[in-house]
Amino acid sequence: MYASHDYQRVYVWQQPVRWFHWINALCITVLGVTGYLIAHPPALLSGAEASAGYWFGTVRFAHFLAGYVFVANFLFRIYWAFAGNKYANWRNFLPLTRAQFRQVWDVLRVDILQLSNQPVPALGHNAVAYFTYAGTGLLTLFQIGSGFALYAPMSEAWLPQLFVWVTPLFGSEQNLRLFHYAVMWAFAVFTVIHVYLVVYHDYVEGHGVLSSIIGGWKFMEKRHAQADPATGISGFRGRAAPAPAPGAKTPATPAR
Amino acid sequence: MQTEIQPRPAAPREETIYEHLCARGVSRREFLSFCAWMGACIGLEQSGVAQMVQALETRRRIPVVWLHFQECTCCSESFLRSSHPIVADILLDKISLDYTETLLAASGHQAEQCLRDTITKYRGEYLLCIEGSVPLAEDGVYCCIGGRTAKQIVEEVAADAKAIIAWGNCACSGCVQAAKPNPTVATPIHRVLGGKPIVNVQGCPPIAEVMAGVLVHLLTFDRIPQLDAHGRPKAFYSRRVHDTCYRRPNYDAGLFVESFDDENARKGYCLYKVGCRGPSTYNSCGTIRWNGGVSFPIQSGHPCIGCSEANFWDNGPFYQRLPNFPGFGIESTADRLGVAAVGAAAAGAAAHAVLTNIRKRAEIGEQPGENAERAEAKAGQP
Amino acid sequence: MNSRIVVDPVTRIEGHLRIEAEVKDGRIVDAWSAGTMVRGLEIILRGRDPRDAWAFCERVCGVCTTVHALASVRAVEDALDIRVPPNAELIRNLMFCTQYMHDHVVHFYHLHALDWVDVVSALKADPAATSTLAQGVSKWPKSSPGYFADLQKRLAKFVESGQLGIFANGYWGHPAFKLPPEANLMAVAHYLEALEWQKEIVKVHTIFGGKNPHPNYLVGGMPCAVNIEEANAINAERLALVGRLLAEAKTFVEQVYIPDVLAVAPFYLDWAGIGGGLENYLCYGDLPTGGFADVAGYKFVRGAILGRNLNEVLPVDPRDDTGIQEFIDHSWYEYEGAAGGRHPWRGETNLKYSGPKPPYEHLDVDAKYSWLKTPRWKGHAMEVGPLSRMLVGYAAGNADVKGAVTDALGALKAPASVLFSTLGRTAARAIESRLAAVWGLEFYQQLLANIKAGDSRTFTRERWEPASWPAEARGVGTSEAPRGALAHWIVIQDRKIANYQLVVPSTWNASPRDGRGQRSAYEASLIGTPVHDPHQPLEIIRTIHSFDPCLACAVH
Ligand code: HEM
Ligand code: HEM
Ligand code: NFV
Ligand code: SF4
Ligand code: SF4
Ligand code: F3S
Ligand SMILES: [Mg+2]
């Protein structure tokens with residue numbers, strides 16, 4: 001009667017998504033740390049001569065380098081939102097169905113207000129998570145736009161020059177800096193909550209969320225794994241797939 | 001109202017600037033070295049310098065009308081400080097400064113006559129220089145001259161100008177009187193005279209040699225210089241102060257002044273942490289410097305406040321690296337808000353973790369899902 | 001028959017000044033002075049960081065640039081009880097003396113001289129006689145017959161070109177011009193020399209403040225660090241340059257400016273009886289030697305004189321609620337609440353235009369007619385400026401001032417009463433320029449001595465951080481700007497500016513009359529001025545220029 005053996009391994013996060021995630025996390029960390037240092041360089045009351053050091057220049061270089069990687073990685077993820085499996089699909093990130101909204105409410109009830117102990121079944125993320133990631137996606141876009149606009153005067157390269165129009169929108173470079181800086185804090189807040197919630201879900205639900213972003217697999221009750229009742233969004237390359245027949249195999253598990 | 005011996009202005013004679021300089025006792029060699037210096041200043045190739053020599057040798061003094069609106073006259077003052085000796089002469093004699101309230105001998109009706117004479121006699125030929133912003137609130141009553149508003153005057157005088165120069169931050173972007181809440185709706189010239197090409201010579205005030213350099217460019221090539229997106233001549237405003245700052249190696253090495261007059265300040269370290277706006281300010285302070293190259297703000301220990309940028313007054317406080325968030329108090333910097341938000345998130349997570357361990361005690365530590373299934377079963381769901 | 005003369009724009013001043021005058025039988029019987037441009041700085045300053053205020057205030061005026069910055073940092077330091085290190089005080093004093101010499105010389109030659117000097121008449125001068133004249137009054141080297149002959153040739157060519165530039169439509173040939181052609185030629189030469197010279201002396205500001213106009217100041221001291229072992233700081237080379245500039249400035253003042261004033265004055269002694277105007281003089285004093293709070297240590301004495309009574313100098317307290325007040329009976333503002341004056345700590349700035357709709361021919365002088373408020377001291381209209389400074393110093397028995405005034409009067413062989421006039425104002429400006437030259441070098445020597453003794457501090461961090469400020473503080477920063485008594489009043493609440501009011505020298509002098517009909521200095525001084533030709537306002541601008549008007553300052 002206990003259903004522990006009724007578990008199924010589901011391949012949720014394809015390799016490209018996993019690479020994307022960790023490169024993204026690394027970029028955010030590097031950009032955040034170097035950005036913070038650019039904003040608040042530590043006091044070095046040494047007798048050093050300027051000719052003997054370049055650490056601040058190096059910090060900035062790291063920031064700009066990470067900035068380029070960050071953009072490339074993000075562009076790739078956008079591509080993968082169309083090319084990847086249904087959990088990576090772009091539709092998840094947009095509020096398209098009633099079911100998504102219902103799930104938002106469920107998540108609030110179960111995870112935040114803790115009115116119920118019944119986990120919200122979701123193979124990919126739940127709707128709240130997807131929407132949050134859409135939000136971080138916007139923040140990412142903003143940091144890219146503002147960052148490259150700030151970078152444009154220091155660079156002859158074409159990419160930064162694409163963003164010169166951003167600065168006037170903010171009245172002055174100084175104001176743009178302020179917003180670019182403030183969004184760093186937004187990323188910091190996200191990271192704290194995000195990592196906490198990942199651990200929380202793993203700890204409470206035991207679906208293997210933590211390891212899924214490394215190995216790609218989640219562990220789901222068979223019922224949920226096969227029906228994916230969550231949000232009504234499914235399918236491959238943006239097309240809605242017919243609901244799997246009961247007892248059918250789990251969604252595609254391509255070679256890893 | 002001219003008296004008998006007032007010499008009637010004869011038809012403009014074709015005296016060239018070079019002839020005029022000769023008459024002033026300037027040798028040809030001095031003249032050429034001036035051209036070379038000025039050429040270097042405005043970034044000319046050798047051929048450009050030759051063209052300039054030729055232009056100054058053959059062209060007559062261009063009539064200049066200099067209007068003053070909402071301003072502090074310090075752009076005029078700066079202009080007078082132009083340090084190259086021959087430049088000082090140009091200012092007084094090589095252009096024909098036909099109207100400027102600061103220096104004109106005549107006052108009142110006679111002064112207004114000077115203005116009318118120039119704009120009618122030299123229609124389409126005079127150069128219009130404007131110092132100050134134009135208040136647009138209350139139909140312009142915040143700045144009247146001779147009973148007319150600045151707006152009425154500038155529109156009339158600009159109509160037939162050959163070219164227009166906006167001097168300083170006031171004319172280019174409204175400067176201090178346009179700082180929030182801009183009580184008089186002080187408006188920069190390019191927004192009052194929409195559609196006309198205007199050379200924005202930025203700064204509060206602009207550097208004297210930059211002002212002279214722009215004039216020389218116009219005189220020499222008979223066309224306006226290349227401008228950046230804000231209408232500023234690229235020759236003087238294409239580089240950030242930060243990129244030409246001699247303290248830059250300290251910046252790259254992370255050697256900063258922490259507080260005025262500390263050990264680091266006395267070593268001339270970078271002023272970034274006490275609010276330097278050099279990284280977002282486009283001006284020639286690091287190269288041409290001020291008052292004959294004697295110094296510039298950073299060299300004398302004060303951070304750049306960004307005086308050649310639009311709205312720089314509202315990007316303060318000056319001694320803070322980043323401005324305050326609008327609407328928050330003086331001390332609510334992005335940092336305080338950010339740290340508070342991260343702290344709140346962490347505290348929220350901690351509280352949530354504690355709550356989870358209480359409320360979901362049953363579920364945690366059991367076989368994954370079993371508790372839920374039991375719950376589901378109990379609720380009679382499928 | 002009365003006729004109304006309008007002079008607008010008054011040129012060779014700073015800013016936008018309009019004079020309307022009523023002339024009867026060749027003399028002015030009434031006059032109105034109006035400032036016609038406003039920016040609203042006092043409104044803009046509210047809510048900002050007090051440490052930034054100096055930069056905003058400095059932009060009140062680019063002609064007397066620095067003085068508002070000085071008054072502002074003093075107001076904030078006064079409010080927060082910050083005492084700047086001695087070097088900062090000395091550097092500020094050096095910049096102050098520099099400013100005096102620069103502003104006064106530029107005023108005399110470029111803004112005032114053409115009221116007295118007929119440029120066209122200079123064409124008729126004999127260069128040799130000009131040389132004799134020049135060498136007779138000064139040992140200034142540029143005075144050979146050849147030098148003046150060259151200049152005259154250039155001038156002739158300039159006039160012949162027909163493009164008269166700034167000299168077009170001047171009042172050349174007016175009978176009020178009295179100088180012989182030689183004196184005119186000498187003055188024109190010095191007009192050009194002064195133009196060259198003035199850009200040199202300001203380099204003192206550039207060295208300590210980074211630029212001029214608008215050098216940098218700092219609450220708590222000065223931003224320039226002193227380190228005689230460092231390339232990037234005020235070191236021996238920088239100090240030597242300051243020393244040279246100050247010495248050259250002193251030479252110029254003593255060998256060109258003063259001799260010119262003394263040479264021109266005897267031709268215009270009738271103007272020692274014209275333009276006196278008010279009989280009350282006010283001076284806040286300046287050039288502290290023992291800190292801003294120690295008024296007794298000021299080089300320029302603080303005090304007031306009423307009714308030209310040089311036997312009594314009355315004490316002045318800028319904090320006294322009933323002392324200095326501003327009125328708006330004839331000014332385009334409105335006060336909330338009770339009518340009457342406001343001490344600046346309670347001051348209000350609410351723009352409210354009620355004049356004629358432009359374009360207009362005349363202002364309605366019976367109603368409101370100016371953007372200047374009307375300041376009064378204990379209800380009295382006061383004149384401020386060089387003349388007030390010299391009179392207060394003289395009356396208070398200040399040795400330096402008394403000596404300088406006595407010297408000048410001796411050279412002119414005239415009694416002290418000639419000072420109460422248009423000419424007196426112009427002379428007082430020259431007299432104090434010499435004091436500034438001498439004092440500047442004194443301060444310079446003290447600065448060197450301090451540094452030599454090992455004190456290189458230029459700034460105190462004491463109360464730099466807003467967290468260390470009280471919830472509410474009030475301060476007043478006084479100064480003697482070139483045009484006279486200047487003060488800024490600040491109220492700081494919750495670390496922000498809650499109120500900021502400037503009462504500026506030209507506000508005192510150029511303001512409209514008060515509710516009791518008392519005229520301020522410009523209007524009063526015009527009464528009785530002869531007008532040869534009502535169509536040519538030469539005599540009017542002579543007297544007005546003797547105040548060295550600055551209207552951007554006056555209104556702000
Ligand atoms: C998660 C993404 C990012 C974060 C958290 C971040 C954070 C920061 C922070 C905190 C600053 C300091 C702001 C200041 O005090 O002036 C900064 C500066 C800057 N960032 Fe970013 N940044 C991000 C992405 C980017 C990207 C994609 C670029 C593009 C190249 C970029 C370019 C810059 C530039 C040019 C500066 C100014 C550096 C300077 O003044 O020398 N940033 N960033
Ligand atoms: C304990 C470690 C972490 C785990 C298990 C984890 C897990 C995940 C998972 C499963 C996703 C969904 C991926 C997708 O849909 O593309 C995700 C998304 C994301 N993670 Fe993490 N994460 C971890 C740490 C971090 C860290 C440290 C950061 C940032 C510094 C971060 C930033 C993000 C971002 C920005 C997204 C959204 C990306 C997207 O929309 O695709 N994560 N995380
Ligand atoms: N009035 C005035 Fe000023 C002066 N001197 C300042 O306080 O001129 Ni612009
Ligand atoms: S730009 Fe600055 S310096 Fe020039 S007139 Fe305006 S306030 Fe003065
Ligand atoms: S002092 Fe200012 S402009 Fe110079 S390097 Fe430092 S931040 Fe840049
Ligand atoms: S404040 Fe202005 S003068 Fe130059 S160094 Fe900065 S642009
Ligand atoms: Mg005021």
# chains A, B, ... in the order shown; residues from 1 in each chain; ligands from 1
$ interface_residues --of "chain A" --to "chain B" --cutoff "6 Å" --atoms "only C-alpha atoms" --output "MDAnalysis selection string"
chainID A and resid 50 53:57 118 178 182 185 189 204 206
$ select_by_dssp --residues "range 287-408 of chain C" --states "strand (DSSP E)" --output "PyMOL selection string"
chain C and resi 303-305+324-327+374-377
$ write_last_selection --atoms "N, CA and C atoms" --output "short mmCIF file (atom, residue, chain, number, x, y, z; two decimals), in the first residue's frame"
data_model
loop_
_atom_site.label_atom_id
_atom_site.label_comp_id
_atom_site.auth_asym_id
_atom_site.auth_seq_id
_atom_site.Cartn_x
_atom_site.Cartn_y
_atom_site.Cartn_z
N GLY C 303 30.59 95.92 10.98
CA GLY C 303 29.91 97.02 11.65
C GLY C 303 29.02 97.79 10.69
N ALA C 304 28.26 98.74 11.26
CA ALA C 304 27.37 99.56 10.45
C ALA C 304 27.55 101.02 10.82
N ILE C 305 27.32 101.87 9.83
CA ILE C 305 27.38 103.32 10.05
C ILE C 305 26.03 103.89 9.63
N ILE C 324 18.50 91.78 10.39
CA ILE C 324 18.38 91.73 8.94
C ILE C 324 17.05 91.07 8.56
N GLN C 325 16.28 91.75 7.74
CA GLN C 325 15.02 91.18 7.27
C GLN C 325 14.84 91.49 5.79
N GLU C 326 14.10 90.63 5.12
CA GLU C 326 13.81 90.89 3.70
C GLU C 326 12.32 91.14 3.51
N PHE C 327 12.05 92.16 2.69
CA PHE C 327 10.67 92.58 2.42
C PHE C 327 10.36 92.36 0.94
N THR C 374 13.83 93.02 -0.90
CA THR C 374 14.39 94.25 -0.35
C THR C 374 14.89 94.01 1.07
N PRO C 375 16.22 93.90 1.25
CA PRO C 375 16.75 93.66 2.59
C PRO C 375 16.88 94.97 3.37
N ARG C 376 16.66 94.88 4.64
CA ARG C 376 16.83 96.04 5.52
C ARG C 376 17.52 95.60 6.79
N TRP C 377 18.31 96.53 7.36
CA TRP C 377 18.93 96.25 8.65
C TRP C 377 18.26 97.14 9.70
#
$ select_by_dssp --residues "range 166-327 of chain C" --states "alpha helix (DSSP H)" --output "VMD selection string"
chain C and resid 181 to 201 203 to 209 236 to 252 258 to 264
$ residues_around --residues "Ile23 in chain A" --least-positions-apart "2" --cutoff "10 Å" --atoms "only C-alpha atoms" --output "list in words"
Val17, Arg18, Trp19, Phe20, His21, Ala25, Leu26, Cys27, Ile28, Thr29, Ala66, Val69, Phe70, Asn73 and Phe74 of chain A
$ atom_distance --atom1 "CA of Tyr171 in chain C" --atom2 "CA of Ala156 in chain C"
17.6 Å
$ interface_residues --of "chain B" --to "chain C" --cutoff "6 Å" --atoms "only C-alpha atoms" --output "VMD selection string"
chain B and resid 9 to 10 12 to 13 72 to 74 81 96 to 98 101 to 108 110 142 to 144 146 to 148 177 261 266 268 290 295 to 297 300 to 302
$ write_last_selection --atoms "C-alpha atoms" --output "mmCIF file, in the first residue's frame"
data_model
loop_
_atom_site.group_PDB
_atom_site.id
_atom_site.type_symbol
_atom_site.label_atom_id
_atom_site.label_comp_id
_atom_site.auth_asym_id
_atom_site.auth_seq_id
_atom_site.Cartn_x
_atom_site.Cartn_y
_atom_site.Cartn_z
ATOM 1 C CA PRO B 9 30.071 102.167 -39.551
ATOM 2 C CA ALA B 10 31.414 102.016 -43.085
ATOM 3 C CA PRO B 12 32.432 96.168 -43.920
ATOM 4 C CA ARG B 13 35.921 96.182 -45.361
ATOM 5 C CA CYS B 72 25.842 83.462 -14.204
ATOM 6 C CA THR B 73 28.038 85.059 -16.900
ATOM 7 C CA CYS B 74 30.792 82.736 -16.036
ATOM 8 C CA ARG B 81 40.506 83.618 -19.688
ATOM 9 C CA SER B 96 33.564 91.380 -34.422
ATOM 10 C CA LEU B 97 31.758 91.040 -31.130
ATOM 11 C CA ASP B 98 28.855 93.277 -32.041
ATOM 12 C CA GLU B 101 25.814 92.743 -22.559
ATOM 13 C CA THR B 102 28.980 92.035 -20.598
ATOM 14 C CA LEU B 103 31.352 94.243 -22.556
ATOM 15 C CA LEU B 104 29.311 96.528 -24.776
ATOM 16 C CA ALA B 105 30.082 100.252 -24.364
ATOM 17 C CA ALA B 106 26.507 101.229 -25.170
ATOM 18 C CA SER B 107 23.524 100.581 -22.887
ATOM 19 C CA GLY B 108 19.769 100.721 -23.253
ATOM 20 C CA GLN B 110 21.911 102.202 -28.058
ATOM 21 C CA TYR B 142 11.324 85.011 -15.519
ATOM 22 C CA CYS B 143 13.823 86.530 -17.924
ATOM 23 C CA CYS B 144 13.129 89.791 -19.731
ATOM 24 C CA GLY B 146 14.399 95.498 -22.770
ATOM 25 C CA GLY B 147 10.839 94.496 -21.935
ATOM 26 C CA ARG B 148 10.906 91.396 -24.113
ATOM 27 C CA GLN B 177 18.360 76.579 -12.626
ATOM 28 C CA ASP B 261 43.213 64.992 3.154
ATOM 29 C CA ARG B 266 48.221 63.478 -0.038
ATOM 30 C CA GLY B 268 47.308 61.943 -5.160
ATOM 31 C CA TRP B 290 42.250 74.818 -17.020
ATOM 32 C CA SER B 295 45.482 72.342 -13.226
ATOM 33 C CA PHE B 296 42.008 70.843 -13.291
ATOM 34 C CA PRO B 297 39.592 69.857 -10.537
ATOM 35 C CA SER B 300 43.668 69.991 -7.235
ATOM 36 C CA GLY B 301 42.144 67.243 -5.156
ATOM 37 C CA HIS B 302 38.431 67.634 -5.784
#
$ residues_near_ligand --ligand "ligand 2" --cutoff "7 Å" --atoms "only C-alpha atoms and all ligand atoms" --output "JSON, numbers by chain"
{"A": [17, 21, 24, 25, 26, 28, 29, 77, 88, 125, 130, 133, 134, 136, 137, 191, 194, 195, 198, 199, 209, 210, 211, 212, 213]}
$ write_last_selection --atoms "C-alpha atoms" --output "short mmCIF file (atom, residue, chain, number, x, y, z; two decimals), in the first residue's frame"
data_model
loop_
_atom_site.label_atom_id
_atom_site.label_comp_id
_atom_site.auth_asym_id
_atom_site.auth_seq_id
_atom_site.Cartn_x
_atom_site.Cartn_y
_atom_site.Cartn_z
CA VAL A 17 19.92 23.32 -19.66
CA HIS A 21 22.31 26.83 -15.43
CA ASN A 24 24.62 31.28 -15.58
CA ALA A 25 25.06 30.80 -11.86
CA LEU A 26 28.80 31.26 -12.20
CA ILE A 28 25.90 35.88 -11.81
CA THR A 29 28.24 35.13 -8.95
CA ARG A 77 18.91 29.58 -23.32
CA ALA A 88 12.58 23.98 -21.08
CA HIS A 125 9.15 23.72 -12.11
CA TYR A 130 8.72 29.48 -13.86
CA TYR A 133 12.64 32.67 -13.67
CA ALA A 134 10.89 34.78 -16.25
CA THR A 136 15.13 36.85 -13.47
CA GLY A 137 15.21 36.67 -17.23
CA THR A 191 19.92 33.78 -5.10
CA HIS A 194 16.23 30.39 -4.90
CA VAL A 195 18.87 28.30 -3.20
CA VAL A 198 15.64 24.33 -3.91
CA VAL A 199 16.94 22.89 -0.68
CA VAL A 209 15.31 18.59 -7.11
CA LEU A 210 18.79 19.40 -5.84
CA SER A 211 20.54 16.80 -7.89
CA SER A 212 18.31 17.29 -10.92
CA ILE A 213 20.17 20.37 -12.06
#
$ decode --residues "range 179-199 of chain C" --atoms "N, CA, C and O atoms" --output "PDB file, in the first residue's frame"
ATOM      1  N   LEU C 179      38.440 113.606 -20.052  1.00  0.00           N
ATOM      2  CA  LEU C 179      39.878 113.305 -20.071  1.00  0.00           C
ATOM      3  C   LEU C 179      40.535 113.852 -21.332  1.00  0.00           C
ATOM      4  O   LEU C 179      39.944 113.841 -22.407  1.00  0.00           O
ATOM      5  N   PRO C 180      41.788 114.306 -21.212  1.00  0.00           N
ATOM      6  CA  PRO C 180      42.532 114.684 -22.415  1.00  0.00           C
ATOM      7  C   PRO C 180      42.834 113.437 -23.249  1.00  0.00           C
ATOM      8  O   PRO C 180      42.866 112.324 -22.701  1.00  0.00           O
ATOM      9  N   PRO C 181      43.026 113.576 -24.535  1.00  0.00           N
ATOM     10  CA  PRO C 181      43.264 112.414 -25.399  1.00  0.00           C
ATOM     11  C   PRO C 181      44.374 111.504 -24.891  1.00  0.00           C
ATOM     12  O   PRO C 181      44.263 110.285 -25.000  1.00  0.00           O
ATOM     13  N   GLU C 182      45.415 112.082 -24.312  1.00  0.00           N
ATOM     14  CA  GLU C 182      46.545 111.265 -23.840  1.00  0.00           C
ATOM     15  C   GLU C 182      46.097 110.313 -22.724  1.00  0.00           C
ATOM     16  O   GLU C 182      46.492 109.141 -22.691  1.00  0.00           O
ATOM     17  N   ALA C 183      45.325 110.851 -21.807  1.00  0.00           N
ATOM     18  CA  ALA C 183      44.846 109.981 -20.715  1.00  0.00           C
ATOM     19  C   ALA C 183      43.946 108.888 -21.279  1.00  0.00           C
ATOM     20  O   ALA C 183      43.975 107.733 -20.831  1.00  0.00           O
ATOM     21  N   ASN C 184      43.150 109.242 -22.289  1.00  0.00           N
ATOM     22  CA  ASN C 184      42.293 108.239 -22.918  1.00  0.00           C
ATOM     23  C   ASN C 184      43.123 107.130 -23.564  1.00  0.00           C
ATOM     24  O   ASN C 184      42.815 105.949 -23.443  1.00  0.00           O
ATOM     25  N   LEU C 185      44.190 107.542 -24.244  1.00  0.00           N
ATOM     26  CA  LEU C 185      45.028 106.542 -24.916  1.00  0.00           C
ATOM     27  C   LEU C 185      45.688 105.615 -23.889  1.00  0.00           C
ATOM     28  O   LEU C 185      45.735 104.390 -24.052  1.00  0.00           O
ATOM     29  N   MET C 186      46.164 106.215 -22.823  1.00  0.00           N
ATOM     30  CA  MET C 186      46.802 105.411 -21.770  1.00  0.00           C
ATOM     31  C   MET C 186      45.792 104.398 -21.206  1.00  0.00           C
ATOM     32  O   MET C 186      46.111 103.224 -21.006  1.00  0.00           O
ATOM     33  N   ALA C 187      44.582 104.869 -21.009  1.00  0.00           N
ATOM     34  CA  ALA C 187      43.557 103.984 -20.441  1.00  0.00           C
ATOM     35  C   ALA C 187      43.221 102.835 -21.394  1.00  0.00           C
ATOM     36  O   ALA C 187      43.030 101.695 -20.967  1.00  0.00           O
ATOM     37  N   VAL C 188      43.165 103.157 -22.703  1.00  0.00           N
ATOM     38  CA  VAL C 188      42.873 102.088 -23.666  1.00  0.00           C
ATOM     39  C   VAL C 188      43.979 101.035 -23.632  1.00  0.00           C
ATOM     40  O   VAL C 188      43.723  99.821 -23.664  1.00  0.00           O
ATOM     41  N   ALA C 189      45.223 101.511 -23.521  1.00  0.00           N
ATOM     42  CA  ALA C 189      46.340 100.560 -23.437  1.00  0.00           C
ATOM     43  C   ALA C 189      46.158  99.646 -22.235  1.00  0.00           C
ATOM     44  O   ALA C 189      46.341  98.424 -22.318  1.00  0.00           O
ATOM     45  N   HIS C 190      45.765 100.245 -21.125  1.00  0.00           N
ATOM     46  CA  HIS C 190      45.647  99.437 -19.912  1.00  0.00           C
ATOM     47  C   HIS C 190      44.398  98.551 -19.935  1.00  0.00           C
ATOM     48  O   HIS C 190      44.371  97.513 -19.280  1.00  0.00           O
ATOM     49  N   TYR C 191      43.395  98.972 -20.691  1.00  0.00           N
ATOM     50  CA  TYR C 191      42.223  98.113 -20.905  1.00  0.00           C
ATOM     51  C   TYR C 191      42.708  96.779 -21.473  1.00  0.00           C
ATOM     52  O   TYR C 191      42.333  95.702 -21.008  1.00  0.00           O
ATOM     53  N   LEU C 192      43.560  96.861 -22.504  1.00  0.00           N
ATOM     54  CA  LEU C 192      44.041  95.635 -23.152  1.00  0.00           C
ATOM     55  C   LEU C 192      45.016  94.876 -22.254  1.00  0.00           C
ATOM     56  O   LEU C 192      44.979  93.644 -22.178  1.00  0.00           O
ATOM     57  N   GLU C 193      45.861  95.604 -21.559  1.00  0.00           N
ATOM     58  CA  GLU C 193      46.819  94.916 -20.677  1.00  0.00           C
ATOM     59  C   GLU C 193      46.089  94.202 -19.542  1.00  0.00           C
ATOM     60  O   GLU C 193      46.468  93.096 -19.140  1.00  0.00           O
ATOM     61  N   ALA C 194      45.069  94.865 -19.017  1.00  0.00           N
ATOM     62  CA  ALA C 194      44.325  94.249 -17.918  1.00  0.00           C
ATOM     63  C   ALA C 194      43.638  92.967 -18.384  1.00  0.00           C
ATOM     64  O   ALA C 194      43.528  91.995 -17.633  1.00  0.00           O
ATOM     65  N   LEU C 195      43.217  92.969 -19.646  1.00  0.00           N
ATOM     66  CA  LEU C 195      42.559  91.786 -20.193  1.00  0.00           C
ATOM     67  C   LEU C 195      43.531  90.600 -20.211  1.00  0.00           C
ATOM     68  O   LEU C 195      43.172  89.460 -19.922  1.00  0.00           O
ATOM     69  N   GLU C 196      44.777  90.901 -20.537  1.00  0.00           N
ATOM     70  CA  GLU C 196      45.807  89.863 -20.512  1.00  0.00           C
ATOM     71  C   GLU C 196      46.117  89.434 -19.082  1.00  0.00           C
ATOM     72  O   GLU C 196      46.266  88.256 -18.791  1.00  0.00           O
ATOM     73  N   TRP C 197      46.225  90.421 -18.220  1.00  0.00           N
ATOM     74  CA  TRP C 197      46.655  90.154 -16.854  1.00  0.00           C
ATOM     75  C   TRP C 197      45.628  89.337 -16.066  1.00  0.00           C
ATOM     76  O   TRP C 197      45.990  88.437 -15.306  1.00  0.00           O
ATOM     77  N   GLN C 198      44.363  89.649 -16.269  1.00  0.00           N
ATOM     78  CA  GLN C 198      43.348  89.042 -15.421  1.00  0.00           C
ATOM     79  C   GLN C 198      43.312  87.518 -15.524  1.00  0.00           C
ATOM     80  O   GLN C 198      42.967  86.840 -14.568  1.00  0.00           O
ATOM     81  N   LYS C 199      43.718  86.991 -16.669  1.00  0.00           N
ATOM     82  CA  LYS C 199      43.688  85.543 -16.791  1.00  0.00           C
ATOM     83  C   LYS C 199      44.882  84.899 -16.080  1.00  0.00           C
ATOM     84  O   LYS C 199      44.887  83.691 -15.886  1.00  0.00           O
TER      85      LYS C 199
END
